file data02.txt (compact mmCIF, C-alpha atoms and all ligand atoms)
# COMPACT_ATOMS: atom_id res chain seq x y z
CA MET A 1 -52.61 45.11 18.20
CA ALA A 2 -51.30 46.73 15.05
CA LEU A 3 -49.18 44.56 12.84
CA ASP A 4 -46.41 47.19 12.56
CA GLU A 5 -46.13 47.46 16.29
CA PHE A 6 -45.87 43.65 16.65
CA LEU A 7 -43.21 43.35 13.95
CA ALA A 8 -41.16 46.16 15.47
CA GLU A 9 -41.23 44.51 18.90
CA LEU A 10 -39.96 41.28 17.36
CA ASP A 11 -37.13 43.06 15.51
CA GLN A 12 -36.08 44.88 18.65
CA LEU A 13 -35.91 41.66 20.58
CA ALA A 14 -33.87 39.95 17.83
CA GLU A 15 -31.35 42.81 17.72
CA ALA A 16 -30.99 43.00 21.48
CA ALA A 17 -30.59 39.22 21.63
CA ALA A 18 -27.84 39.24 18.99
CA ALA A 19 -25.91 41.90 20.92
CA SER A 20 -26.30 40.11 24.25
CA PHE A 21 -25.26 36.70 22.90
CA ALA A 22 -22.24 38.29 21.23
CA SER A 23 -20.98 39.61 24.56
CA VAL A 24 -21.60 36.63 26.92
CA GLY A 25 -18.36 35.53 28.56
CA ASP A 26 -19.02 32.02 29.81
CA ALA A 27 -21.35 29.05 29.61
CA SER A 28 -23.45 29.92 32.67
CA GLU A 29 -24.06 33.45 31.40
CA LEU A 30 -25.01 31.97 28.05
CA GLU A 31 -27.48 29.56 29.62
CA ALA A 32 -29.04 32.32 31.73
CA LEU A 33 -29.46 34.46 28.61
CA ARG A 34 -30.95 31.56 26.68
CA VAL A 35 -33.57 31.00 29.40
CA LYS A 36 -34.30 34.73 29.57
CA LEU A 37 -34.88 35.00 25.81
CA LEU A 38 -36.00 31.59 24.65
CA GLY A 39 -37.28 29.97 27.88
CA ALA A 40 -40.47 28.02 27.19
CA LYS A 41 -42.30 29.40 30.21
CA ASN A 42 -41.22 32.97 30.88
CA GLY A 43 -38.88 33.73 28.00
CA GLN A 44 -39.19 37.15 26.38
CA LEU A 45 -39.98 35.62 23.01
CA LYS A 46 -42.76 33.60 24.63
CA GLY A 47 -44.06 36.88 26.08
CA LEU A 48 -44.18 38.46 22.64
CA GLN A 49 -46.05 35.47 21.28
CA LYS A 50 -49.09 36.58 23.27
CA GLY A 51 -49.24 39.69 21.02
CA LEU A 52 -49.84 37.38 18.07
CA ALA A 53 -53.29 36.60 19.42
CA ARG A 54 -54.16 40.29 19.36
CA VAL A 55 -53.13 40.93 15.76
CA ALA A 56 -56.03 41.23 13.27
CA ALA A 57 -57.00 37.93 11.67
CA ALA A 58 -55.99 39.11 8.16
CA ASP A 59 -52.45 40.00 9.38
CA LYS A 60 -51.92 36.77 11.27
CA PRO A 61 -50.08 34.86 8.48
CA GLN A 62 -47.50 37.63 8.11
CA ALA A 63 -47.17 38.10 11.86
CA GLY A 64 -46.75 34.35 12.40
CA LYS A 65 -44.09 34.11 9.72
CA HIS A 66 -42.14 37.01 11.21
CA PHE A 67 -42.42 35.50 14.66
CA ASN A 68 -40.85 32.24 13.40
CA GLN A 69 -38.07 34.13 11.62
CA THR A 70 -37.31 36.07 14.81
CA LYS A 71 -37.18 32.86 16.79
CA GLN A 72 -34.71 31.46 14.24
CA ARG A 73 -32.54 34.61 14.42
CA ILE A 74 -32.31 34.38 18.19
CA GLU A 75 -31.53 30.65 18.07
CA ASP A 76 -28.78 31.30 15.50
CA ALA A 77 -27.25 33.99 17.70
CA PHE A 78 -27.31 31.51 20.59
CA ALA A 79 -25.63 28.78 18.48
CA LEU A 80 -22.94 31.20 17.37
CA ALA A 81 -22.17 32.20 20.95
CA GLU A 82 -22.11 28.56 22.00
CA GLN A 83 -19.64 27.77 19.23
CA ARG A 84 -17.45 30.72 20.19
CA LEU A 85 -17.30 29.57 23.82
CA GLU A 86 -16.55 25.96 22.81
CA SER A 87 -13.59 26.88 20.62
CA PRO A 88 -11.94 29.54 22.69
CA GLY A 89 -8.75 31.23 21.78
CA THR A 90 -9.42 32.08 18.16
CA ASP A 91 -9.36 35.75 18.91
CA GLN A 92 -6.77 35.24 21.60
CA ALA A 93 -4.54 33.25 19.23
CA ALA A 94 -4.69 36.01 16.66
CA SER A 95 -3.48 38.56 19.17
CA ASP A 96 -0.76 36.20 20.53
CA PHE A 97 0.56 35.42 17.06
CA ASP A 98 4.29 36.01 16.89
CA ALA A 99 5.51 36.30 13.33
CA THR A 100 9.14 35.94 14.46
CA GLU A 101 8.66 32.43 15.92
CA PRO A 102 10.34 29.73 13.80
CA GLY A 103 7.77 27.76 11.77
CA LEU A 104 6.93 24.09 12.19
CA ARG A 105 9.11 21.96 9.93
CA PRO A 106 6.81 20.34 7.32
CA ARG A 107 6.81 16.55 7.65
CA LEU A 108 7.89 15.05 4.35
CA GLY A 109 6.93 11.49 3.55
CA HIS A 110 9.28 9.21 1.68
CA LEU A 111 9.24 5.92 -0.16
CA HIS A 112 9.04 2.64 1.74
CA PRO A 113 12.47 0.92 1.91
CA ILE A 114 11.15 -1.95 -0.24
CA THR A 115 10.01 0.50 -2.92
CA GLN A 116 13.39 2.25 -2.74
CA THR A 117 15.12 -1.13 -3.12
CA ILE A 118 12.95 -2.08 -6.10
CA GLN A 119 13.75 1.22 -7.82
CA GLU A 120 17.46 0.81 -7.24
CA LEU A 121 17.46 -2.81 -8.46
CA LYS A 122 15.67 -1.71 -11.63
CA ASP A 123 18.27 1.03 -12.12
CA ILE A 124 21.23 -1.32 -11.70
CA PHE A 125 19.84 -3.98 -14.03
CA GLY A 126 18.74 -1.28 -16.45
CA ARG A 127 22.37 -0.18 -16.70
CA LEU A 128 23.29 -3.82 -17.37
CA GLY A 129 20.88 -3.85 -20.31
CA PHE A 130 17.90 -5.61 -18.71
CA ARG A 131 14.42 -4.34 -19.56
CA VAL A 132 11.67 -4.51 -16.90
CA ALA A 133 8.80 -6.97 -17.54
CA GLU A 134 5.57 -7.30 -15.56
CA GLY A 135 3.36 -10.28 -14.80
CA PRO A 136 0.13 -10.91 -12.89
CA GLU A 137 0.07 -11.90 -9.22
CA ILE A 138 -2.85 -14.28 -9.80
CA GLU A 139 -1.56 -17.11 -11.94
CA ASP A 140 -2.57 -20.39 -13.46
CA GLU A 141 -0.67 -23.63 -12.96
CA ARG A 142 0.85 -23.52 -16.43
CA HIS A 143 2.85 -20.37 -15.70
CA ASN A 144 3.57 -21.06 -12.02
CA PHE A 145 4.52 -24.75 -12.49
CA GLU A 146 3.96 -26.67 -15.71
CA ALA A 147 5.94 -24.61 -18.20
CA LEU A 148 8.63 -24.34 -15.54
CA ASN A 149 9.06 -28.11 -15.70
CA ILE A 150 7.50 -28.64 -12.26
CA ASP A 151 5.47 -31.83 -12.70
CA PRO A 152 2.17 -32.48 -10.87
CA SER A 153 3.77 -34.72 -8.23
CA HIS A 154 6.39 -32.14 -7.26
CA PRO A 155 6.10 -31.08 -3.59
CA ALA A 156 6.25 -27.39 -4.63
CA ARG A 157 2.69 -27.84 -5.98
CA ASP A 158 1.28 -29.09 -2.68
CA PRO A 159 -1.89 -27.09 -1.86
CA LEU A 160 -0.51 -26.63 1.65
CA ASP A 161 2.54 -24.84 0.25
CA ASN A 162 0.61 -22.45 -1.97
CA PHE A 163 -2.27 -20.01 -1.82
CA TYR A 164 -4.74 -21.60 -4.24
CA LEU A 165 -7.74 -19.41 -4.96
CA HIS A 166 -10.09 -22.23 -5.91
CA ALA A 167 -9.95 -25.99 -6.38
CA ALA A 168 -9.12 -27.81 -9.60
CA GLY A 169 -12.16 -28.17 -11.85
CA TYR A 170 -14.02 -25.33 -10.16
CA ALA A 171 -14.19 -21.85 -11.63
CA ALA A 172 -14.58 -19.07 -9.10
CA ASP A 173 -16.14 -16.99 -11.84
CA PRO A 174 -19.55 -18.57 -12.67
CA GLU A 175 -19.29 -17.14 -16.21
CA ALA A 176 -16.22 -19.32 -16.66
CA GLY A 177 -17.97 -22.54 -15.72
CA GLY A 178 -18.96 -23.11 -12.09
CA PRO A 179 -18.63 -26.47 -10.31
CA GLY A 180 -17.27 -29.22 -12.49
CA ALA A 181 -16.07 -26.90 -15.24
CA ASP A 182 -12.79 -27.97 -16.73
CA VAL A 183 -10.59 -25.06 -15.68
CA SER A 184 -7.12 -24.94 -14.29
CA PRO A 185 -6.94 -23.74 -10.68
CA TRP A 186 -5.64 -20.26 -9.98
CA LEU A 187 -3.19 -19.37 -7.28
CA LEU A 188 -1.28 -16.39 -5.96
CA ARG A 189 2.06 -16.82 -7.70
CA SER A 190 4.69 -18.38 -5.47
CA GLN A 191 7.64 -17.09 -7.50
CA THR A 192 8.35 -14.48 -10.15
CA SER A 193 9.69 -17.23 -12.46
CA THR A 194 6.15 -17.12 -13.93
CA VAL A 195 7.20 -13.96 -15.77
CA GLN A 196 10.03 -15.82 -17.56
CA ILE A 197 7.36 -17.96 -19.19
CA ARG A 198 5.05 -15.05 -20.02
CA VAL A 199 7.90 -13.10 -21.64
CA MET A 200 9.22 -16.03 -23.69
CA GLU A 201 5.69 -16.96 -24.83
CA ASN A 202 5.36 -13.48 -26.33
CA THR A 203 8.88 -12.56 -27.41
CA PRO A 204 11.30 -14.28 -29.75
CA PRO A 205 14.90 -14.59 -28.48
CA PRO A 206 17.13 -12.84 -27.55
CA VAL A 207 15.61 -11.88 -24.19
CA ARG A 208 17.14 -9.84 -21.39
CA ILE A 209 14.61 -8.94 -18.70
CA VAL A 210 14.14 -8.48 -14.98
CA SER A 211 10.78 -8.64 -13.26
CA LEU A 212 10.10 -7.42 -9.74
CA GLY A 213 6.99 -8.02 -7.72
CA ARG A 214 5.11 -9.68 -4.92
CA VAL A 215 4.96 -13.42 -4.41
CA TYR A 216 3.01 -15.42 -1.84
CA ARG A 217 3.76 -18.55 0.17
CA PRO A 218 2.18 -19.86 3.37
CA ASP A 219 5.55 -19.65 5.16
CA THR A 220 5.70 -18.93 8.88
CA ALA A 221 6.95 -15.41 9.42
CA ASP A 222 10.38 -15.11 11.04
CA ALA A 223 13.39 -12.83 10.74
CA THR A 224 14.05 -13.89 7.11
CA HIS A 225 10.60 -15.12 5.97
CA TYR A 226 7.23 -13.52 5.39
CA PRO A 227 4.13 -15.00 3.70
CA MET A 228 4.11 -12.15 1.18
CA PHE A 229 7.46 -11.00 -0.10
CA HIS A 230 9.10 -9.65 -3.25
CA GLN A 231 11.42 -11.26 -5.73
CA ILE A 232 13.52 -9.99 -8.58
CA GLU A 233 13.60 -12.41 -11.45
CA GLY A 234 16.21 -12.18 -14.17
CA LEU A 235 16.25 -13.95 -17.53
CA LEU A 236 18.82 -13.75 -20.28
CA VAL A 237 18.42 -15.88 -23.41
CA ASP A 238 20.73 -15.69 -26.37
CA THR A 239 23.21 -17.90 -28.16
CA ASP A 240 26.22 -19.27 -26.24
CA VAL A 241 25.19 -17.99 -22.82
CA THR A 242 27.17 -19.73 -20.10
CA MET A 243 27.23 -20.17 -16.33
CA ALA A 244 30.20 -17.77 -16.30
CA ASP A 245 27.91 -15.03 -17.67
CA LEU A 246 25.39 -15.73 -14.91
CA LYS A 247 28.01 -15.56 -12.17
CA THR A 248 29.51 -12.39 -13.63
CA ILE A 249 26.17 -10.60 -13.82
CA LEU A 250 25.27 -11.59 -10.25
CA ARG A 251 28.67 -10.54 -8.91
CA VAL A 252 28.51 -7.20 -10.73
CA PHE A 253 25.00 -6.66 -9.42
CA CYS A 254 26.02 -7.48 -5.83
CA SER A 255 29.01 -5.19 -5.82
CA SER A 256 26.88 -2.36 -7.30
CA TYR A 257 24.08 -2.81 -4.80
CA LEU A 258 25.85 -4.01 -1.66
CA GLY A 259 29.37 -2.65 -2.17
CA GLU A 260 32.66 -3.89 -3.62
CA GLU A 261 33.63 -5.69 -0.45
CA VAL A 262 30.56 -7.94 -0.21
CA GLU A 263 31.27 -11.64 -0.56
CA VAL A 264 28.98 -13.84 -2.63
CA ARG A 265 29.10 -17.60 -2.92
CA PHE A 266 27.39 -20.10 -5.20
CA ARG A 267 26.30 -23.51 -3.91
CA PRO A 268 25.14 -26.37 -6.16
CA SER A 269 21.39 -26.78 -5.87
CA PHE A 270 18.33 -28.00 -7.73
CA PHE A 271 15.43 -26.21 -9.43
CA PRO A 272 13.24 -28.06 -11.97
CA PHE A 273 13.52 -25.11 -14.40
CA THR A 274 17.32 -24.73 -14.39
CA GLU A 275 20.13 -27.19 -14.98
CA PRO A 276 22.68 -26.81 -13.51
CA SER A 277 21.28 -24.82 -10.59
CA VAL A 278 22.89 -22.86 -7.81
CA GLU A 279 21.86 -21.16 -4.63
CA VAL A 280 23.38 -17.72 -4.15
CA ASP A 281 24.42 -16.57 -0.68
CA MET A 282 25.68 -13.21 0.53
CA GLN A 283 27.98 -12.85 3.47
CA TRP A 284 26.49 -10.94 6.39
CA GLN A 285 27.85 -10.38 9.87
CA ASP A 286 29.51 -13.69 10.82
CA GLY A 287 27.65 -15.92 8.40
CA TRP A 288 25.88 -16.30 5.08
CA VAL A 289 22.32 -15.43 4.11
CA GLU A 290 20.60 -17.07 1.16
CA MET A 291 19.83 -14.39 -1.38
CA GLY A 292 18.25 -16.46 -4.15
CA GLY A 293 18.39 -19.25 -6.67
CA ALA A 294 19.76 -19.29 -10.21
CA GLY A 295 20.89 -21.53 -13.02
CA MET A 296 20.96 -22.28 -16.73
CA VAL A 297 17.47 -22.45 -18.25
CA ASP A 298 16.38 -26.10 -18.59
CA PRO A 299 15.77 -27.23 -22.23
CA ASN A 300 12.27 -28.37 -21.20
CA VAL A 301 11.37 -24.77 -20.31
CA PHE A 302 12.53 -23.62 -23.75
CA ARG A 303 10.41 -26.34 -25.36
CA ALA A 304 7.35 -25.32 -23.30
CA VAL A 305 7.48 -21.79 -24.70
CA GLY A 306 8.32 -22.79 -28.27
CA TYR A 307 12.04 -21.95 -28.22
CA ASP A 308 14.50 -24.39 -29.77
CA PRO A 309 16.99 -25.53 -27.09
CA ASP A 310 19.49 -26.40 -29.82
CA GLN A 311 19.50 -22.76 -30.93
CA VAL A 312 19.45 -20.82 -27.65
CA THR A 313 20.86 -21.00 -24.16
CA GLY A 314 20.12 -18.79 -21.20
CA PHE A 315 20.37 -18.19 -17.50
CA ALA A 316 17.77 -17.18 -14.94
CA PHE A 317 17.87 -16.06 -11.33
CA GLY A 318 15.34 -15.19 -8.62
CA LEU A 319 16.46 -13.17 -5.60
CA GLY A 320 14.60 -12.19 -2.42
CA VAL A 321 14.10 -8.40 -2.36
CA GLU A 322 13.42 -8.21 1.41
CA ARG A 323 16.72 -9.92 2.15
CA LEU A 324 18.65 -7.63 -0.19
CA CYS A 325 16.94 -4.62 1.36
CA ALA A 326 17.66 -5.91 4.90
CA ARG A 327 21.33 -6.53 4.11
CA ARG A 328 21.69 -3.09 2.56
CA PHE A 329 20.00 -1.14 5.37
CA GLY A 330 21.19 -3.33 8.25
CA ILE A 331 17.66 -4.52 9.10
CA THR A 332 17.88 -7.68 11.19
CA ASP A 333 14.23 -8.77 10.98
CA ILE A 334 12.25 -8.43 7.73
CA ARG A 335 8.94 -8.51 9.66
CA ASP A 336 9.72 -4.90 10.66
CA LEU A 337 9.28 -3.92 7.01
CA PHE A 338 5.59 -4.79 7.18
CA LYS A 339 4.56 -3.31 10.52
CA ASN A 340 4.19 0.18 9.07
CA ASP A 341 5.60 1.76 12.21
CA VAL A 342 6.67 5.22 11.05
CA ARG A 343 9.35 5.40 13.77
CA PHE A 344 11.01 2.42 12.06
CA LEU A 345 10.34 3.40 8.46
CA GLN A 346 11.50 7.00 8.74
CA GLN A 347 15.06 5.81 9.40
CA PHE A 348 15.56 4.76 5.79
C1 LIG B 1 12.77 -19.50 -6.18
O1 LIG B 1 11.74 -18.91 -5.86
C2 LIG B 1 13.16 -19.68 -7.60
N1 LIG B 1 12.08 -19.27 -8.45
C3 LIG B 1 14.43 -18.85 -7.87
C4 LIG B 1 15.02 -19.12 -9.20
C5 LIG B 1 14.71 -18.34 -10.28
C6 LIG B 1 15.90 -20.22 -9.37
C7 LIG B 1 15.26 -18.59 -11.52
C8 LIG B 1 16.46 -20.48 -10.60
C9 LIG B 1 16.15 -19.66 -11.67
P1 LIG B 1 13.51 -19.90 -3.70
O2 LIG B 1 12.28 -20.61 -3.27
O3 LIG B 1 14.79 -20.41 -3.13
O4 LIG B 1 13.66 -19.92 -5.29
O5 LIG B 1 13.34 -18.36 -3.34
C10 LIG B 1 14.28 -17.42 -3.83
C11 LIG B 1 14.60 -16.39 -2.74
O6 LIG B 1 13.41 -15.77 -2.29
C12 LIG B 1 15.19 -16.99 -1.45
O7 LIG B 1 16.56 -17.22 -1.61
C13 LIG B 1 14.92 -15.89 -0.47
O8 LIG B 1 15.86 -14.83 -0.62
C14 LIG B 1 13.57 -15.39 -0.93
N2 LIG B 1 12.50 -16.01 -0.13
C15 LIG B 1 11.97 -17.24 -0.23
N3 LIG B 1 10.97 -17.41 0.65
C16 LIG B 1 10.85 -16.24 1.32
C17 LIG B 1 9.97 -15.76 2.35
N4 LIG B 1 8.99 -16.52 2.84
N5 LIG B 1 10.13 -14.51 2.81
C18 LIG B 1 11.10 -13.71 2.29
N6 LIG B 1 11.94 -14.09 1.30
C19 LIG B 1 11.82 -15.35 0.83

call {"tool": "encode", "arguments": {"input": "data02.txt", "output": "structure tokens"}}
result
Amino acid sequence: MALDEFLAELDQLAEAAAASFASVGDASELEALRVKLLGAKNGQLKGLQKGLARVAAADKPQAGKHFNQTKQRIEDAFALAEQRLESPGTDQAASDFDATEPGLRPRLGHLHPITQTIQELKDIFGRLGFRVAEGPEIEDERHNFEALNIDPSHPARDPLDNFYLHAAGYAADPEAGGPGADVSPWLLRSQTSTVQIRVMENTPPPVRIVSLGRVYRPDTADATHYPMFHQIEGLLVDTDVTMADLKTILRVFCSSYLGEEVEVRFRPSFFPFTEPSVEVDMQWQDGWVEMGGAGMVDPNVFRAVGYDPDQVTGFAFGLGVERLCARRFGITDIRDLFKNDVRFLQQF
């Protein structure tokens, strides 16, 4: 058989196959056509393959190559038809397209209520002259406890009340020592008061900062508690700062954030790093919710960071961001803030 004749037969088959596959209307037609063209026993391509044996030996490589290309062309036409039948409606959709139909409203995302709260708190305190300071979430005991006048026997340091990352005397990072190395344990900070220390260590007085961020405590989750939550810490150090300044700032903040009518009360309390100390409550529904703690910076804290307590005085406060956010948006259970249910979140 002449080579030309063989090649022409193959081309004819490929063209006819492409046209037939392009016009099949359903899956059974497609399958019947596939068997007719590509069937292993009696398929037309198989039939043409017999011609290959009759081509002169010198032409066989070219004939064989063309045969394989033809087979590929037919298989491609089949795959295309299969794809077309599997995703119907493309052509149909184009013809049904109605340019006058109203479009789909694009779904806009928005910031999580906690992020919105953090931004607003920064704004309010910014207007009151407080700069924003940052601190790490993984802390050492000096910043989380010692410099804050919390001695080793204090219950707040109990390993069961904190998320320690590794035991005392053991460095998680082998470079830093390994078992037995004399390193202070690290923990996830349990309060943002750590940032007070970091700021005072690096800045001479006067200081006027807020710091907002995550803190961690193994608390059981309920309507007002979560094991990971956010605090806003405030620190003001200057000369002649008094408790009256602290109460004024907190009252001004509360009326800016929660409204003029919100009632705030201060209850005597105790924190190792402030003296005197108060707990700050906000009125909500028929009762009071604890918003945070505050007080006048203890002289021992000033000494720990190299400030002279005879020269400076200051106040500090730490408020729970989830509770402020909940009060503001009327959220009755702070656990809802962490479920990431869009139906809940999109309300705010
Ligand atoms: C403190 O953390 C002190 N560092 C606050 C402070 C700072 C006092 C500076 C004096 C000077 P306390 O443990 O009470 O205090 O926590 C402060 C606030 O964080 C609470 O009033 C509450 O609003 C919030 N809070 C505490 N635990 C949780 C929790 N598990 N989930 C959500 N919010 C919490």

call {"tool": "closest_residue", "arguments": {"input": "data02.txt", "among": "A:Thr248, A:Thr239, A:Gln231, A:Ser269", "to": "ligand LIG 1 (chain B)", "atoms": "all atoms listed in the file"}}
result
A:Gln231

call {"tool": "residues_near_ligand", "arguments": {"input": "data02.txt", "ligand": "ligand LIG 1 (chain B)", "cutoff": "9 Å", "atoms": "only C-alpha atoms and all ligand atoms", "output": "PyMOL selection string"}}
result
chain A and resi 190-194+196+215-235+270-275+277-281+289-297+315-324+334

call {"tool": "closest_residue", "arguments": {"input": "data02.txt", "among": "A:Val241, A:Ala53, A:Val210, A:Leu188", "to": "Arg131 (chain A)", "atoms": "all atoms listed in the file"}}
result
A:Val210

call {"tool": "atom_distance", "arguments": {"input": "data02.txt", "atom1": "CA of Asp98 (chain A)", "atom2": "CA of Ala22 (chain A)"}}
result
27.0 Å

call {"tool": "closest_residue", "arguments": {"input": "data02.txt", "among": "A:Gln72, A:Gln83, A:Asn144, A:Asn162", "to": "Val301 (chain A)", "atoms": "all atoms listed in the file"}}
result
A:Asn144

call {"tool": "atom_distance", "arguments": {"input": "data02.txt", "atom1": "CA of Pro61 (chain A)", "atom2": "CA of Ala19 (chain A)"}}
result
28.1 Å

call {"tool": "residues_around", "arguments": {"input": "data02.txt", "residues": "Gly25 (chain A)", "least_positions_apart": "2", "cutoff": "12 Å", "atoms": "all atoms listed in the file", "output": "ChimeraX atom specification"}}
result
/A:20-23,27-33,81-82,84-86,88

call {"tool": "residues_around", "arguments": {"input": "data02.txt", "residues": "region 307-311 of chain A", "least_positions_apart": "3", "cutoff": "12 Å", "atoms": "all atoms listed in the file", "output": "VMD selection string"}}
result
chain A and resid 197 199 to 207 237 to 241 296 to 304 314

call {"tool": "atom_distance", "arguments": {"input": "data02.txt", "atom1": "CA of Gly39 (chain A)", "atom2": "CA of Phe6 (chain A)"}}
result
19.7 Å

call {"tool": "closest_residue", "arguments": {"input": "data02.txt", "among": "A:Ala2, A:Ile114, A:Leu236, A:Pro268", "to": "Ala56 (chain A)", "atoms": "all atoms listed in the file"}}
result
A:Ala2

call {"tool": "residues_near_point", "arguments": {"input": "data02.txt", "point": "(-39.6, 37.1, 13.5)", "cutoff": "10 Å", "atoms": "all atoms listed in the file", "output": "compact mmCIF listing (two decimals) with C-alpha atoms, in the frame of the given file"}}
result
# COMPACT_ATOMS: atom_id res chain seq x y z
CA PHE A 6 -45.87 43.65 16.65
CA LEU A 7 -43.21 43.35 13.95
CA ALA A 8 -41.16 46.16 15.47
CA GLU A 9 -41.23 44.51 18.90
CA LEU A 10 -39.96 41.28 17.36
CA ASP A 11 -37.13 43.06 15.51
CA GLN A 12 -36.08 44.88 18.65
CA LEU A 13 -35.91 41.66 20.58
CA ALA A 14 -33.87 39.95 17.83
CA LEU A 45 -39.98 35.62 23.01
CA GLN A 62 -47.50 37.63 8.11
CA ALA A 63 -47.17 38.10 11.86
CA GLY A 64 -46.75 34.35 12.40
CA LYS A 65 -44.09 34.11 9.72
CA HIS A 66 -42.14 37.01 11.21
CA PHE A 67 -42.42 35.50 14.66
CA ASN A 68 -40.85 32.24 13.40
CA GLN A 69 -38.07 34.13 11.62
CA THR A 70 -37.31 36.07 14.81
CA LYS A 71 -37.18 32.86 16.79
CA GLN A 72 -34.71 31.46 14.24
CA ARG A 73 -32.54 34.61 14.42
CA ILE A 74 -32.31 34.38 18.19

call {"tool": "closest_residue", "arguments": {"input": "data02.txt", "among": "A:Met282, A:Ala133, A:Ala77, A:Ala16", "to": "Arg208 (chain A)", "atoms": "all atoms listed in the file"}}
result
A:Ala133

call {"tool": "closest_residue", "arguments": {"input": "data02.txt", "among": "A:Arg105, A:His112, A:Lys122, A:Arg189", "to": "Glu141 (chain A)", "atoms": "only C-alpha atoms"}}
result
A:Arg189

call {"tool": "residues_around", "arguments": {"input": "data02.txt", "residues": "Leu258 (chain A)", "least_positions_apart": "6", "cutoff": "10 Å", "atoms": "all atoms listed in the file", "output": "number ranges by chain"}}
result
A: 252, 282, 324-325, 327-329

call {"tool": "write_last_selection", "arguments": {"input": "data02.txt", "atoms": "C-alpha atoms", "output": "PDB file, in the frame of the given file"}}
result
ATOM      1  CA  VAL A 252      28.510  -7.200 -10.730  1.00  0.00           C
ATOM      2  CA  MET A 282      25.680 -13.210   0.530  1.00  0.00           C
ATOM      3  CA  LEU A 324      18.650  -7.630  -0.190  1.00  0.00           C
ATOM      4  CA  CYS A 325      16.940  -4.620   1.360  1.00  0.00           C
ATOM      5  CA  ARG A 327      21.330  -6.530   4.110  1.00  0.00           C
ATOM      6  CA  ARG A 328      21.690  -3.090   2.560  1.00  0.00           C
ATOM      7  CA  PHE A 329      20.000  -1.140   5.370  1.00  0.00           C
TER       8      PHE A 329
END
